[in-house]
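K.L.:
So that we are looking at the same thing, I have put the structure below in structure tokens.
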Amino acid sequence: MLARPLSDDWEAFGTMHNLAVRDVESLMMCRQIALTEDAHLVLLRGQLQSAIAERDHARVHSVLCLLIRAKIEVDDDVATLALVVLDVALRNDEKAVGTEAVCVRLARVLAVKLDELVTNQELKKRL
């Protein structure tokens, strides 16, 4: 069976972030949630840290997808989450294999998103 082509928006997103088609498809399949409580972010950060420590790349992948698709509406703990994500994003995806390489690419996407959130939070504090 032939895979359906990606929509123009998703294809542009994948191109912009240097993602493989299967990376984009995994994001498309992930549900979109709103994180409205600081505790939600703390919980997901803890799950991500635990999965990273256990080298459970499938779980890391799931949490990264959820966070990328999430509408993050909290101010606290974003910078702390960004540090956890950055640790994965800075790995060499060419030396990683399988799901770990996908996680590195997705972590880079999330790092960009979190950096924008932190920058916007800092700007709001200055105003």
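Going through the structure tokens in order, the chains are called A, B, and so on, while each chain numbers its residues from 1 and the ligands are numbered from 1 in the order shown.
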Contacts of region 52-62 of chain A at 6 Å or less, counting only C-alpha atoms, minus same-chain residues fewer than 4 places along, as a PDB file with N, CA and C atoms, in the first residue's frame?

P.N.:
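Result saved to out36.pdb:
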ATOM      1  N   LEU A  48       9.658  12.239  30.879  1.00  0.00           N
ATOM      2  CA  LEU A  48      10.723  12.317  29.875  1.00  0.00           C
ATOM      3  C   LEU A  48      12.074  11.987  30.493  1.00  0.00           C
ATOM      4  N   THR A  99      14.974   4.285  16.740  1.00  0.00           N
ATOM      5  CA  THR A  99      14.111   5.230  17.441  1.00  0.00           C
ATOM      6  C   THR A  99      14.910   6.317  18.151  1.00  0.00           C
ATOM      7  N   GLU A 100      16.116   6.009  18.592  1.00  0.00           N
ATOM      8  CA  GLU A 100      16.930   7.030  19.255  1.00  0.00           C
ATOM      9  C   GLU A 100      17.226   8.180  18.304  1.00  0.00           C
ATOM     10  N   CYS A 103      14.251  10.312  18.041  1.00  0.00           N
ATOM     11  CA  CYS A 103      14.113  11.112  19.266  1.00  0.00           C
ATOM     12  C   CYS A 103      15.013  12.341  19.232  1.00  0.00           C
TER      13      CYS A 103
END

K.L.:
Can you check which parts of region 13-60 of chain A lie within 12 Å of region 111-119 of chain A? Per residue, the shortest pair of atoms and distance in Å to one decimal, counting only C-alpha atoms, sorted by chain and number, as a tab-separated table.

P.N.:
residue	atom	partner	partner_atom	distance
A:Met16	CA	A:Val112	CA	11.4
A:His17	CA	A:Val112	CA	9.5
A:Leu41	CA	A:Leu114	CA	11.9

K.L.:
Suppose we keep N, CA and C atoms; can you now write the selection as a PDB file, in the first residue's frame?

P.N.:
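So the final result, stored in result-v4.pdb, reads:
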ATOM      1  N   MET A  16      11.371  22.153   7.158  1.00  0.00           N
ATOM      2  CA  MET A  16      11.963  23.194   7.998  1.00  0.00           C
ATOM      3  C   MET A  16      12.800  22.588   9.132  1.00  0.00           C
ATOM      4  N   HIS A  17      12.336  21.465   9.684  1.00  0.00           N
ATOM      5  CA  HIS A  17      13.014  20.855  10.835  1.00  0.00           C
ATOM      6  C   HIS A  17      13.859  19.638  10.455  1.00  0.00           C
ATOM      7  N   LEU A  41       3.151  20.083  33.224  1.00  0.00           N
ATOM      8  CA  LEU A  41       4.490  20.182  32.640  1.00  0.00           C
ATOM      9  C   LEU A  41       5.517  19.449  33.500  1.00  0.00           C
TER      10      LEU A  41
END

K.L.:
Check region 44-85 of chain A with DSSP on the backbone and list each residue it calls helix (DSSP H, G or I), as a count of residues only.

P.N.:
31

K.L.:
What is the distance between CA of Gln32 (chain A) and CA of Asp9 (chain A), in Å to one decimal?

P.N.:
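We find that CA of Gln32 (chain A) and CA of Asp9 (chain A) lie 16.2 Å from each other.
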
K.L.:
For each of A:Thr80, A:Thr36, A:Asn18, A:Gln121, take the minimum atom-to-atom distance to Val104 (chain A), counting only C-alpha atoms, then give the residue where this is smallest.

P.N.:
A:Asn18

K.L.:
Please identify all polymer residues within 12 Å of Met29 (chain A), counting only C-alpha atoms, omitting same-chain residues fewer than 6 positions from it, and present them as a ChimeraX atom specification.

P.N.:
/A:10,22-23,62,65-66,69

K.L.:
Take the residues from that selection and put them in a file with C-alpha atoms, as a compact mmCIF listing (two decimals), in the first residue's frame.

P.N.:
# COMPACT_ATOMS: atom_id res chain seq x y z
CA TRP A 10 3.11 19.16 7.37
CA ARG A 22 7.92 8.86 9.29
CA ASP A 23 8.89 11.48 11.92
CA SER A 62 5.87 9.42 22.78
CA CYS A 65 5.55 14.02 20.26
CA LEU A 66 3.02 14.94 22.93
CA ARG A 69 1.91 18.99 19.64

K.L.:
From the DSSP assignment of the backbone, select every residue of chain A that is strand (DSSP E), and format the answer as a list of chain:residue names.

P.N.:
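These are the residues in question: A:Ala34, A:Leu35, A:Lys71, A:Ile72.
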
K.L.:
Kindly indicate which residue among A:Ile72, A:Leu123, A:Val88, A:Leu19 lies nearest to His40 (chain A), using only C-alpha atoms for the distances.

P.N.:
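Nearest to His40 (chain A): A:Ile72.
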
K.L.:
Could you give me, as a list in words, the residues within 12 Å of Leu35 (chain A), counting only C-alpha atoms and dropping anything in the same chain fewer than 2 positions from it?

P.N.:
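Listed by chain and then number, they are Gln32, Ile33, Glu37, Asp38, Ala39, His40, Leu41, Val42, Leu43, Leu44, Leu66, Leu67, Ile68, Arg69, Ala70, Lys71, Ile72, Glu73, Val74, Asp75, Asp76, Asp77 and Val78 of chain A.
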
K.L.:
Quick one, how far is CA of Val63 (chain A) from CA of Arg45 (chain A)?

P.N.:
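Computing the Euclidean distance for CA of Val63 (chain A) and CA of Arg45 (chain A) yields 8.6 Å.
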